[in-house]
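Structure file work_7.txt with compact mmCIF, C-alpha atoms:
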# COMPACT_ATOMS: atom_id res chain seq x y z
CA MET A 1 6.11 26.28 -0.42
CA ALA A 2 8.80 28.06 1.66
CA ARG A 3 11.47 25.99 -0.08
CA ARG A 4 10.20 27.09 -3.52
CA ALA A 5 10.20 30.74 -2.45
CA GLY A 6 13.75 30.37 -1.13
CA LEU A 7 14.95 28.78 -4.38
CA ALA A 8 13.25 31.51 -6.42
CA THR A 9 14.92 34.20 -4.32
CA LEU A 10 18.29 32.50 -4.72
CA ALA A 11 17.81 32.28 -8.50
CA VAL A 12 16.93 35.98 -8.73
CA LEU A 13 19.97 36.96 -6.65
CA ALA A 14 22.24 34.80 -8.82
CA LEU A 15 20.82 36.40 -11.99
CA VAL A 16 21.33 39.91 -10.61
CA ALA A 17 24.93 39.11 -9.68
CA LEU A 18 25.58 37.64 -13.13
CA LEU A 19 24.09 40.61 -14.97
CA SER A 20 25.87 43.23 -12.85
CA GLY A 21 29.20 41.55 -13.56
CA ALA A 22 28.49 41.41 -17.28
CA ALA A 23 28.25 45.18 -17.68
CA LEU A 24 32.02 45.76 -17.82
CA ALA A 25 34.90 43.35 -17.83
CA SER A 26 37.67 43.88 -15.32
CA GLY A 27 39.51 47.11 -16.06
CA THR A 28 42.90 48.71 -15.45
CA SER A 29 43.06 51.98 -13.52
CA VAL A 30 45.64 54.63 -12.68
CA THR A 31 45.30 57.49 -10.20
CA THR A 32 47.00 60.69 -9.17
CA THR A 33 45.91 63.49 -6.86
CA GLY A 34 42.52 64.65 -8.12
CA ALA A 35 42.20 62.25 -11.07
CA LYS A 36 41.57 58.66 -12.07
CA ALA A 37 41.44 56.92 -15.46
CA SER A 38 40.14 53.41 -16.15
CA TRP A 39 40.43 51.36 -19.35
CA TYR A 40 38.02 48.52 -20.12
CA SER A 41 39.04 46.43 -23.13
CA SER A 42 35.52 45.17 -23.51
CA PRO A 43 33.74 47.37 -24.72
CA ASN A 44 36.78 49.66 -25.41
CA TYR A 45 35.91 52.45 -22.96
CA MET A 46 38.23 54.90 -21.26
CA TYR A 47 36.71 56.62 -18.22
CA VAL A 48 38.27 59.85 -16.91
CA TYR A 49 37.27 60.85 -13.36
CA ASP A 50 37.74 64.26 -11.70
CA THR A 51 38.04 63.45 -7.99
CA LEU A 52 39.05 66.77 -6.40
CA ALA A 53 37.25 70.12 -6.05
CA ASP A 54 40.23 72.20 -7.16
CA GLY A 55 38.93 73.87 -10.34
CA MET A 56 41.43 72.01 -12.54
CA ALA A 57 40.60 69.84 -15.54
CA VAL A 58 41.85 66.25 -15.72
CA TYR A 59 42.77 64.11 -18.70
CA ALA A 60 43.87 60.64 -19.71
CA GLU A 61 46.76 60.50 -22.14
CA TYR A 62 47.22 57.35 -24.22
CA CYS A 63 48.90 55.73 -27.18
CA TRP A 64 48.40 52.36 -28.83
CA GLY A 65 51.19 49.87 -28.21
CA SER A 66 53.55 49.27 -25.34
CA GLY A 67 54.97 52.81 -25.28
CA PRO A 68 56.86 54.92 -24.69
CA CYS A 69 54.21 57.41 -25.67
CA GLY A 70 56.04 60.73 -25.64
CA SER A 71 53.00 62.97 -25.74
CA GLY A 72 49.97 60.83 -26.44
CA THR A 73 46.40 61.65 -27.36
CA ARG A 74 44.57 63.48 -24.55
CA LEU A 75 41.01 62.81 -23.41
CA TYR A 76 39.79 65.71 -21.25
CA ASN A 77 37.19 65.83 -18.50
CA ARG A 78 36.49 69.52 -17.85
CA GLN A 79 33.12 68.92 -16.15
CA GLY A 80 34.32 69.44 -12.57
CA SER A 81 34.79 67.56 -9.34
CA GLY A 82 32.86 64.35 -8.85
CA THR A 83 32.29 63.79 -12.58
CA VAL A 84 33.28 61.04 -14.96
CA LYS A 85 33.51 61.24 -18.73
CA ARG A 86 33.40 58.14 -20.95
CA PHE A 87 35.28 57.87 -24.24
CA VAL A 88 34.76 55.08 -26.78
CA LEU A 89 38.05 54.17 -28.48
CA ALA A 90 38.85 52.00 -31.49
CA PRO A 91 42.02 49.99 -30.79
CA THR A 92 44.69 49.98 -33.49
CA ASN A 93 47.06 47.71 -31.54
CA PRO A 94 46.62 44.82 -29.09
CA LYS A 95 48.08 47.00 -26.29
CA ILE A 96 47.26 50.44 -24.86
CA THR A 97 49.58 52.57 -22.73
CA PHE A 98 48.01 55.36 -20.67
CA ARG A 99 48.24 57.64 -17.67
CA VAL A 100 46.02 60.24 -15.99
CA CYS A 101 46.94 63.86 -15.26
CA ARG A 102 45.60 66.92 -13.53
CA ASP A 103 45.97 70.01 -15.74
CA VAL A 104 47.80 72.40 -13.38
CA PRO A 105 48.01 75.99 -14.72
CA LEU A 106 51.51 77.55 -14.76
CA TYR A 107 53.12 74.43 -13.24
CA PRO A 108 54.00 70.97 -14.50
CA ASN A 109 50.93 68.77 -14.68
CA ASN A 110 50.48 66.22 -11.92
CA CYS A 111 50.46 62.79 -13.65
CA SER A 112 50.36 59.13 -12.68
CA SER A 113 52.85 56.61 -13.97
CA TRP A 114 52.27 55.15 -17.41
CA VAL A 115 50.66 51.71 -17.48
CA THR A 116 50.36 49.24 -20.38
CA THR A 117 47.55 46.72 -20.65
CA ASP A 118 45.65 44.70 -23.23
CA ALA A 119 43.52 46.73 -25.60

Please render this file's structure as structure tokens.
Amino acid sequence: MARRAGLATLAVLALVALLSGAALASGTSVTTTGAKASWYSSPNYMYVYDTLADGMAVYAEYCWGSGPCGSGTRLYNRQGSGTVKRFVLAPTNPKITFRVCRDVPLYPNNCSSWVTTDA
């Protein structure tokens, strides 16, 4: 009886691990002071995180392809520190190039490096 209970527990734990990993495929992330952006090619989500209580908005900037982007499309999170905003994108190229920035008033924005990954 104890062996059956142990096997059942193991099966449940394996199922939970499998399902939690199925939610999002491995993503690509970039960070800068106060901001983080993550791209998940399946299911085509861009997440924009505000990670600093500084009163400044953050945004991901992206373009389809391998760049350079110049000024790409911006996806803003203006909800404040500790928040994340999800955007659903429709790829038009097998690659996406993106970065994350903090929108600094009256000064140049603080941005990460650009990164290119599979869309």

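The space between CA of Lys85 (chain A) and CA of Trp39 (chain A) spans 12.1 Å.
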
Up to 12 Å from (52.6, 56.9, -27.4) in the file's coordinates: name the residues, counting only C-alpha atoms, as number ranges by chain. A: 61-74, 93, 95-99, 114-116

Please check which residues have atoms at most 6 Å from (36.3, 62.9, -6.8) in the file's coordinates, counting only C-alpha atoms, and write them as a list in words.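 Residues with an atom at most 6 Å from (36.3, 62.9, -6.8): Asp50, Thr51, Leu52, Ser81 and Gly82 of chain A.
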
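As for CA of Gly80 (chain A) and CA of Val30 (chain A), they are spaced 18.6 Å apart.
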
Counting only C-alpha atoms, the option among A:Asp118, A:Phe87, A:Pro94, A:Asn109 closest to Ala35 (chain A):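 When distances to Ala35 (chain A) are compared using only C-alpha atoms, the smallest one comes from A:Asn109.
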
Residue contacts of Ala37 (chain A) (9 Å, all atoms listed in the file) excluding same-chain residues fewer than 3 positions away, as an MDAnalysis selection string: chainID A and resid 28:31 46:49 59:60 98:101

Looking at A:Ala119, A:Cys111, A:Ala57, A:Leu106, which one is nearest to Leu89 (chain A), with distances taken over only C-alpha atoms?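 Ranked by minimum distance to Leu89 (chain A), first place goes to A:Ala119.
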
If I take CA of Lys36 (chain A) and CA of Arg102 (chain A), how far is one from the other in Å, to one decimal? 9.3 Å
